[in-house]
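Enquirer: Contents of work-v9.cif (mmCIF, C-alpha atoms and all ligand atoms) are below:
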data_query
#
loop_
_atom_site.label_atom_id
_atom_site.label_comp_id
_atom_site.auth_asym_id
_atom_site.auth_seq_id
_atom_site.Cartn_x
_atom_site.Cartn_y
_atom_site.Cartn_z
CA MET A 99 76.09 62.22 31.74
CA GLU A 100 78.29 60.64 34.34
CA TRP A 101 81.34 62.32 35.87
CA THR A 102 84.24 60.87 37.81
CA GLY A 103 87.21 62.57 39.32
CA GLY A 104 89.66 62.74 42.15
CA CYS A 105 92.99 63.97 43.42
CA LEU A 106 96.45 63.54 41.94
CA CYS A 107 97.39 60.40 43.90
CA GLY A 108 93.96 58.81 43.48
CA ALA A 109 93.18 58.37 47.18
CA VAL A 110 90.17 60.71 46.93
CA GLN A 111 87.55 59.81 44.33
CA TYR A 112 84.09 61.19 43.60
CA ARG A 113 81.27 60.58 41.19
CA ALA A 114 78.52 62.85 39.88
CA GLU A 115 75.59 62.54 37.50
CA GLY A 116 73.84 64.85 35.08
CA GLU A 117 74.61 68.37 33.98
CA PRO A 118 76.44 70.50 36.54
CA PHE A 119 74.16 73.40 37.45
CA ASP A 120 77.03 75.82 37.20
CA VAL A 121 80.52 75.85 35.69
CA GLY A 122 82.64 78.97 35.97
CA SER A 123 86.05 80.36 36.72
CA CYS A 124 86.85 82.26 39.89
CA HIS A 125 89.65 84.80 39.91
CA CYS A 126 89.61 85.67 43.61
CA ILE A 127 92.83 85.63 45.59
CA ASN A 128 91.67 82.79 47.83
CA CYS A 129 91.02 80.46 44.91
CA ARG A 130 94.39 81.37 43.44
CA LYS A 131 96.18 80.70 46.71
CA MET A 132 94.40 77.43 47.27
CA THR A 133 94.96 75.99 43.81
CA GLY A 134 98.33 77.58 43.12
CA ALA A 135 96.90 78.50 39.72
CA ALA A 136 96.10 81.84 38.08
CA PHE A 137 92.36 81.16 38.50
CA ALA A 138 90.15 78.23 39.45
CA THR A 139 87.39 76.72 37.34
CA PHE A 140 84.66 75.23 39.49
CA VAL A 141 81.96 72.69 38.68
CA ALA A 142 78.86 72.81 40.87
CA PHE A 143 76.56 69.85 41.39
CA ARG A 144 73.45 69.36 43.44
CA PRO A 145 74.31 67.22 46.46
CA ASP A 146 71.84 64.51 45.45
CA ALA A 147 73.74 64.10 42.15
CA PHE A 148 77.16 63.91 43.80
CA ALA A 149 78.96 61.37 46.01
CA TRP A 150 82.38 61.00 47.53
CA VAL A 151 83.26 57.38 46.81
CA GLN A 152 86.76 56.98 48.24
CA GLY A 153 89.24 58.66 50.55
CA GLU A 154 89.04 61.21 53.27
CA LEU A 155 89.40 64.94 52.73
CA GLY A 156 91.32 67.34 54.89
CA THR A 157 89.51 70.65 55.17
CA PHE A 158 90.35 74.30 55.58
CA ALA A 159 88.07 77.30 55.92
CA ALA A 160 89.79 80.51 54.78
CA THR A 161 86.56 82.38 55.39
CA PRO A 162 83.75 81.43 57.75
CA ASP A 163 81.33 78.95 56.26
CA LEU A 164 83.22 78.03 53.07
CA VAL A 165 85.04 74.74 53.53
CA ARG A 166 87.76 73.76 51.10
CA GLY A 167 88.59 70.07 50.85
CA PHE A 168 91.95 68.60 49.87
CA CYS A 169 93.60 65.19 49.75
CA ARG A 170 95.52 64.47 52.94
CA ASP A 171 97.99 62.31 51.03
CA CYS A 172 98.94 64.35 47.96
CA GLY A 173 97.60 67.78 48.96
CA SER A 174 95.51 68.30 45.83
CA PRO A 175 92.62 70.72 46.29
CA VAL A 176 89.49 68.83 45.27
CA GLY A 177 86.41 70.89 46.05
CA CYS A 178 84.50 73.17 48.36
CA TRP A 179 81.11 73.64 49.94
CA ARG A 180 79.36 76.05 52.24
CA LEU A 181 78.27 74.63 55.58
CA SER A 182 75.11 76.73 55.55
CA GLU A 183 74.26 75.65 51.99
CA LYS A 184 75.51 72.10 52.07
CA ASN A 185 72.10 70.89 50.99
CA LEU A 186 72.18 73.17 47.90
CA TRP A 187 75.47 72.60 46.11
CA ILE A 188 78.93 71.10 46.19
CA MET A 189 81.75 72.24 43.95
CA VAL A 190 84.74 70.40 42.59
CA TRP A 191 87.62 72.01 40.73
CA ALA A 192 87.52 71.35 37.00
CA GLY A 193 91.07 70.06 36.98
CA THR A 194 90.09 67.15 39.23
CA LEU A 195 87.60 65.75 36.71
CA ASP A 196 88.74 62.80 34.63
CA ARG A 197 86.96 64.25 31.57
CA ALA A 198 87.18 68.00 32.09
CA GLU A 199 87.18 68.53 28.31
CA ARG A 200 83.43 67.84 28.31
CA LEU A 201 82.68 70.88 30.46
CA GLN A 202 81.00 74.00 29.11
CA PRO A 203 82.13 76.90 31.31
CA ARG A 204 79.46 79.61 31.54
CA HIS A 205 81.05 82.64 33.13
CA HIS A 206 83.82 84.23 35.16
CA ILE A 207 83.32 85.41 38.72
CA PHE A 208 85.33 87.88 40.78
CA ALA A 209 86.53 89.13 37.41
CA LYS A 210 87.61 92.34 39.12
CA ASP A 211 90.46 90.32 40.63
CA GLU A 212 91.65 88.80 37.35
CA LEU A 213 95.41 88.92 36.87
CA PRO A 214 96.37 91.60 34.34
CA TRP A 215 98.50 89.24 32.27
CA LEU A 216 95.65 86.81 31.61
CA HIS A 217 94.01 87.29 28.23
CA LEU A 218 91.02 84.98 28.03
CA ALA A 219 89.15 85.46 24.77
CA ASP A 220 86.33 83.02 25.53
CA GLY A 221 83.63 85.69 25.27
CA LEU A 222 81.92 84.45 28.44
CA PRO A 223 80.04 86.80 30.78
CA ARG A 224 82.13 88.29 33.55
CA ALA A 225 80.74 89.11 36.96
CA GLU A 226 82.47 91.33 39.48
CA GLN A 227 81.41 89.01 42.24
CA PHE A 228 78.85 86.24 42.15
CA PRO A 229 76.18 86.44 39.42
CA GLU A 230 72.63 87.18 40.53
CA SER A 231 71.31 84.49 38.21
CA VAL A 232 73.20 81.78 40.06
CA LEU A 233 72.16 83.06 43.46
CA GLU A 234 68.54 83.09 42.30
CA SER A 235 68.78 79.53 41.01
CA LEU A 236 69.94 78.55 44.48
CA GLY A 237 67.11 80.44 46.11
CA LEU A 238 69.54 82.77 47.85
CA ASP A 239 69.35 86.42 48.68
CA SER A 240 72.41 88.12 47.23
CA THR A 241 72.40 90.77 49.95
CA LEU A 242 73.25 88.01 52.40
CA ARG A 243 76.34 86.91 50.56
CA ASN A 244 78.10 89.45 48.45
CA GLU A 245 81.33 87.79 49.49
CA ALA A 246 79.80 84.58 48.16
CA ILE A 247 82.33 82.07 46.97
CA ARG A 248 85.42 83.89 47.98
ZN ZN A 301 95.63 62.43 46.73
ZN ZN A 302 87.29 82.27 44.38
#
Represent the supplied structure as structure tokens.
Ligand SMILES: [Zn+2]
Ligand SMILES: [Zn+2]

Expert:
Amino acid sequence: MEWTGGCLCGAVQYRAEGEPFDVGSCHCINCRKMTGAAFATFVAFRPDAFAWVQGELGTFAATPDLVRGFCRDCGSPVGCWRLSEKNLWIMVWAGTLDRAERLQPRHHIFAKDELPWLHLADGLPRAEQFPESVLESLGLDSTLRNEAIR
């Protein structure tokens, strides 16, 4: 499967191949602030399956290590990555994909921070923070990063 996406104005474009290794929705306050939305659905790819093909991202790190990239022209948040794990994954926000309807979200993270007026009846697993299964698939020790994606 091939994926394309980018920002609102089109200056930033990316391409990815294959199944994302994780798709989930984050309810943490930082993701809400950054996207301006009630929660943020992320799509994680392995770096060797992902490429930025056009444009230059501005970046902001709300917490050490996690870099959030946005379009310098239109301001759209596009994705994020951890400097220390840049070789393991890169995430884009689901809304930036051209064909987001093809995604199969798997879970919710930081569900403890979910807004009380959201009522999502998707039946997906909900993790208080970052699910152990995902950390294990990345070869990471969860004790090192309970703050994880926040
Ligand atoms: Zn743009
Ligand atoms: Zn978050």

Enquirer: Which residues form the shell of 12 Å around ligand ZN 301 (chain A) when you count all atoms listed in the file, given as a list in words?

Expert: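 Based on all atoms listed in the file, ligand ZN 301 (chain A) is surrounded within 12 Å by Gly103, Gly104, Cys105, Leu106, Cys107, Gly108, Ala109, Val110, Gln111, Gln152, Gly153, Glu154, Leu155, Gly156, Gly167, Phe168, Cys169, Arg170, Asp171, Cys172, Gly173, Ser174, Pro175, Val176 and Thr194 of chain A.
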
Enquirer: Between A:Asp196, A:Met189, A:Val165, A:Ile207, which residue has the minimum interatomic distance to ligand ZN 302 (chain A), considering all atoms listed in the file?

Expert: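 Ranking A:Asp196, A:Met189, A:Val165, A:Ile207 by distance to ligand ZN 302 (chain A), first place goes to A:Ile207.
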
Enquirer: Quote the spacing between atom CA of A:Ala149 and atom CA of A:Pro118 in Å to one decimal place.

Expert: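 Interatomic distance here is 13.4 Å.
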
Enquirer: Taking every listed atom of stretch 103-107 of chain A and adding 6 Å to each side, what centre and edge lengths in Å (one decimal) does the axis-aligned box have, as JSON?

Expert:
{"center_x": 92.3, "center_y": 62.2, "center_z": 41.6, "size_x": 22.2, "size_y": 15.6, "size_z": 16.6}

Enquirer: Could you give me, as a list in words, the residues within 9 Å of A:Trp179, counting only C-alpha atoms and dropping anything in the same chain fewer than 2 positions from it?

Expert: Asp163, Leu164, Val165, Arg166, Gly167, Gly177, Leu181, Ser182, Glu183, Lys184, Trp187, Ile188, Met189 and Val190 of chain A

Enquirer: Please compute the atom CA of A:Leu236-atom CA of A:Gly221 distance, one decimal, in Å.

Expert: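 Answer for the atom CA of A:Leu236 to atom CA of A:Gly221 separation: 24.6 Å.
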
Enquirer: Could you make a table, as a Markdown table, of the residues of chain A that have an atom within 10 Å of an atom of ligand ZN 302 (chain A), each with its nearest atom pair and distance in Å to one decimal, counting all atoms listed in the file, in chain and number order?

Expert:
| residue | atom | partner | partner_atom | distance |
| --- | --- | --- | --- | --- |
| A:Ser123 | CA | A:ZN302 | ZN | 8.0 |
| A:Cys124 | CA | A:ZN302 | ZN | 4.5 |
| A:His125 | CA | A:ZN302 | ZN | 5.7 |
| A:Cys126 | CA | A:ZN302 | ZN | 4.2 |
| A:Ile127 | CA | A:ZN302 | ZN | 6.6 |
| A:Asn128 | CA | A:ZN302 | ZN | 5.6 |
| A:Cys129 | CA | A:ZN302 | ZN | 4.2 |
| A:Arg130 | CA | A:ZN302 | ZN | 7.2 |
| A:Lys131 | CA | A:ZN302 | ZN | 9.3 |
| A:Met132 | CA | A:ZN302 | ZN | 9.1 |
| A:Thr133 | CA | A:ZN302 | ZN | 9.9 |
| A:Phe137 | CA | A:ZN302 | ZN | 7.8 |
| A:Ala138 | CA | A:ZN302 | ZN | 7.0 |
| A:Thr139 | CA | A:ZN302 | ZN | 9.0 |
| A:Phe140 | CA | A:ZN302 | ZN | 9.0 |
| A:Ile207 | CA | A:ZN302 | ZN | 7.6 |
| A:Phe208 | CA | A:ZN302 | ZN | 6.9 |
| A:Ala209 | CA | A:ZN302 | ZN | 9.8 |
| A:Asp211 | CA | A:ZN302 | ZN | 9.4 |
| A:Gln227 | CA | A:ZN302 | ZN | 9.2 |
| A:Phe228 | CA | A:ZN302 | ZN | 9.6 |
| A:Glu245 | CA | A:ZN302 | ZN | 9.6 |
| A:Ala246 | CA | A:ZN302 | ZN | 8.7 |
| A:Ile247 | CA | A:ZN302 | ZN | 5.6 |
| A:Arg248 | CA | A:ZN302 | ZN | 4.4 |

Enquirer: Report, in Å to a single decimal, how far apart atom CA of A:Ala136 and atom CA of A:Leu233 are.

Expert: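 Value for the atom CA of A:Leu233-atom CA of A:Ala136 distance: 24.6 Å.
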
Enquirer: Which residue is closest to A:Phe148? Choose from A:Ala135, A:Ala160, A:Leu213, A:Glu115 and count all atoms listed in the file.

Expert: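 Looking only at the distances to A:Phe148, the closest residue turns out to be A:Glu115.
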
Enquirer: Could you name the residues that touch A:Arg197 at 9 Å or less, counting all atoms listed in the file, but leaving out those on the same chain fewer than 5 positions away, as a ChimeraX atom specification?

Expert: /A:101-103,192
